[in-house]
Amino acid sequence: MSKTATLVLEDGTTFTGLLFGADVSVSGEVVFQTGMVGYPEALTDPSYRCQLLTLTYPLVGNYGIPNDEEGEFGLSKWFESSKIHAAALIIGELSDSPSHWSSVKSLDQWLKEQGVPGIQGIDTRCLTKKIREKGTMLGKLVVDGTPEDSVPFDNPDKRNLVQEVSMKEPRVFNPSGSLQITVVDCGIKYNQIRCLAQRGARVTVVPWDHPLDSKDFDGLFISNGPGDPQLCQTTIDNVRKVVCVENPKPVFGICLGHQLLSLVIGSKTYKMKYGNRGHNQPCIHKGTDRCFITSQNHGFAVDPDTLPKDWDVLFTNANDHTNEGIVHNTKPLFSVQFHPEHMAGPTDLVSLFDVFLDTVKDHKDGNAAKTVKQCLMDRLTYPGSTKH
Ligand SMILES: NC(=O)CC[C@H](N)C(=O)O
């Protein structure tokens, strides 16, 4: 018989459910994600660190958990990092009979092994509506028998979470690649490394606070990661040294990387009411007006009204009109808020990696006839369109 557990929100609301996974009480920030699939990828995404992740899809775990096999470039084939980073999983109903060719264990078993608790039997629709009305809240999952006061609320926005998840030493992937890309690891998802390496890059992943020197790379990539971007001052200062120069090497940032690039150039970021997490977020590309469906996982956003004059908005969210990307008008610098590389999400914009690496190659060869802004425009224009 499963133990019961209680989810306590900072406004005093409680939800009681059944414990699964590890028998441990935790606290953090309660967020919701609307994806219908992708729980192995989401749970191992370092951007979810210290978050109690609510999945709005009603039945979770039905395709089980795959074996952690090594795939291309020595990266885990199915997971986005080496372990679960979310603090807890909150769901409606747990499937106890997973069925899929790749499944080797149940979600319950995996969470137990990883020391992460889950709670099921929660009215996730009610919980999500509450978060949408009141905004993201702190919360704790308290296992039956544990005194509630012994688990204090813990605000992850007060800590530099990036430092906790970033690699400690530089590491090279695809050493025979021809274009040298330095990747600042702020909590990177493996598929970002894979997307760069698959396109011929030699990828050197460096820790979040690694000093940067343009002589060391042909292009710079800034990864996703957890927490408030304003707490990454060391990364901001390091990136500024290579970006705010007359002729910077090409730069591409994703999610936290987008927020950090924005802070580097003097724009502002803010905490959103409840963020955007899911695999069906529509983003409009400025210039072609085309709408692309994207995967997202973020709680902070860039204020586009604070962009310097030589920068432009690249994408805007069609639901809430928040900023989804920026691009320099003439220099090879751009970044996006969404995840073009997402494994469980749409691949509409995975070609942004091609644009980045083509730009890196052209710059390396002294061949950059077009701005990256124009290259993005060319790539994203509908093939049959007569408009542009
Ligand atoms: N996925 C990410 O990189 C998230 C970025 C940042 N931590 C946010 O929540 O907005």
# chains A, B, ... in the order shown; residues from 1 in each chain; ligands from 1
call {"tool": "select_by_dssp", "arguments": {"residues": "range 38-168 of chain A", "states": "alpha helix (DSSP H)", "output": "list in words"}}
result
Tyr39, Pro40, Glu41, Ala42, Leu43, Leu107, Asp108, Gln109, Trp110, Leu111, Lys112, Glu113, Gln114, Thr124, Arg125, Cys126, Leu127, Thr128, Lys129, Lys130, Ile131, Arg132, Glu133, Lys134, Leu161, Val162, Gln163, Glu164 and Val165 of chain A
call {"tool": "closest_atom_pairs", "arguments": {"of": "range 264-310 of chain A", "to": "range 244-255 of chain A", "cutoff": "12 Å", "atoms": "only C-alpha atoms", "output": "tab-separated table"}}
result
residue	atom	partner	partner_atom	distance
A:Val264	CA	A:Cys244	CA	8.1
A:Ile265	CA	A:Cys244	CA	7.3
A:Gly266	CA	A:Cys244	CA	10.4
A:Thr269	CA	A:Cys255	CA	11.9
A:Asn276	CA	A:Cys255	CA	11.3
A:Arg277	CA	A:Cys255	CA	11.7
A:Thr294	CA	A:Cys255	CA	11.9
A:Ser295	CA	A:Cys255	CA	10.6
A:Gln296	CA	A:Cys255	CA	8.2
A:Asn297	CA	A:Cys255	CA	8.0
A:His298	CA	A:Cys255	CA	7.2
A:Gly299	CA	A:Cys255	CA	10.0
A:Phe300	CA	A:Cys255	CA	9.2
A:Ala301	CA	A:Cys255	CA	8.9
A:Val302	CA	A:Cys255	CA	10.1
call {"tool": "closest_residue", "arguments": {"among": "A:Lys168, A:Lys268, A:Arg49, A:Arg199", "to": "ligand 1", "atoms": "only C-alpha atoms and all ligand atoms"}}
result
A:Arg49
call {"tool": "residues_near_ligand", "arguments": {"ligand": "ligand 1", "cutoff": "8 Å", "atoms": "only C-alpha atoms and all ligand atoms", "output": "PyMOL selection string"}}
result
chain A and resi 45-48+187+223-229+254-257+259+271+275+296-301+337-339
call {"tool": "closest_residue", "arguments": {"among": "A:Pro156, A:Trp101, A:Gly278, A:Lys215", "to": "Tyr57 in chain A", "atoms": "only C-alpha atoms"}}
result
A:Gly278
call {"tool": "closest_residue", "arguments": {"among": "A:Ile84, A:Leu89, A:Arg240, A:Val8", "to": "Pro152 in chain A", "atoms": "only C-alpha atoms"}}
result
A:Val8
call {"tool": "atom_distance", "arguments": {"atom1": "CA of Leu138 in chain A", "atom2": "CA of Lys158 in chain A"}}
result
12.2 Å
call {"tool": "closest_residue", "arguments": {"among": "A:Val31, A:Val327, A:Val336, A:Val203", "to": "Met377 in chain A", "atoms": "only C-alpha atoms"}}
result
A:Val327
call {"tool": "closest_atom_pairs", "arguments": {"of": "range 141-224 of chain A", "to": "range 345-353 of chain A", "cutoff": "10 Å", "atoms": "only C-alpha atoms", "output": "CSV"}}
result
residue,atom,partner,partner_atom,distance
A:Gln192,CA,A:Phe353,CA,9.0
A:Cys195,CA,A:Phe353,CA,6.9
A:Leu196,CA,A:Phe353,CA,6.8
A:Gln198,CA,A:Phe353,CA,9.9
A:Arg199,CA,A:Phe353,CA,8.0
call {"tool": "write_last_selection", "arguments": {"atoms": "C-alpha atoms", "output": "PDB file, in the first residue's frame"}}
result
ATOM      1  CA  GLN A 192      22.236  20.807 -27.993  1.00  0.00           C
ATOM      2  CA  CYS A 195      22.849  19.144 -32.802  1.00  0.00           C
ATOM      3  CA  LEU A 196      26.157  21.042 -33.054  1.00  0.00           C
ATOM      4  CA  GLN A 198      26.051  16.329 -36.024  1.00  0.00           C
ATOM      5  CA  ARG A 199      26.564  19.404 -38.205  1.00  0.00           C
TER       6      ARG A 199
END
call {"tool": "select_by_dssp", "arguments": {"residues": "range 271-380 of chain A", "states": "strand (DSSP E or B)", "output": "count of residues only"}}
result
45
call {"tool": "residues_around", "arguments": {"residues": "Arg171 in chain A", "least_positions_apart": "6", "cutoff": "7 Å", "atoms": "only C-alpha atoms", "output": "NGL selection string"}}
result
:A and (204-206)
call {"tool": "residues_around", "arguments": {"residues": "Leu179 in chain A", "least_positions_apart": "2", "cutoff": "12 Å", "atoms": "only C-alpha atoms", "output": "MDAnalysis selection string"}}
result
chainID A and resid 173:177 181:182 196:204 216:220 250 356:365
call {"tool": "residues_around", "arguments": {"residues": "Leu7 in chain A", "least_positions_apart": "6", "cutoff": "9 Å", "atoms": "only C-alpha atoms", "output": "PyMOL selection string"}}
result
chain A and resi 13-17+90+119+122+139-143
call {"tool": "residues_around", "arguments": {"residues": "Pro282 in chain A", "least_positions_apart": "4", "cutoff": "7 Å", "atoms": "only C-alpha atoms", "output": "list in words"}}
result
Cys291, Phe292, Ile293, Thr294, Asn317, Ala318 and Asn319 of chain A
call {"tool": "closest_residue", "arguments": {"among": "A:Met272, A:Ala368, A:Cys50, A:Leu59", "to": "Arg132 in chain A", "atoms": "only C-alpha atoms"}}
result
A:Met272
call {"tool": "atom_distance", "arguments": {"atom1": "CA of Arg159 in chain A", "atom2": "CA of Glu80 in chain A"}}
result
22.3 Å
call {"tool": "atom_distance", "arguments": {"atom1": "CA of Gly28 in chain A", "atom2": "CA of Gly92 in chain A"}}
result
19.4 Å
call {"tool": "closest_residue", "arguments": {"among": "A:Asp310, A:Asp23, A:Glu29, A:Glu324", "to": "Asn155 in chain A", "atoms": "only C-alpha atoms"}}
result
A:Glu29
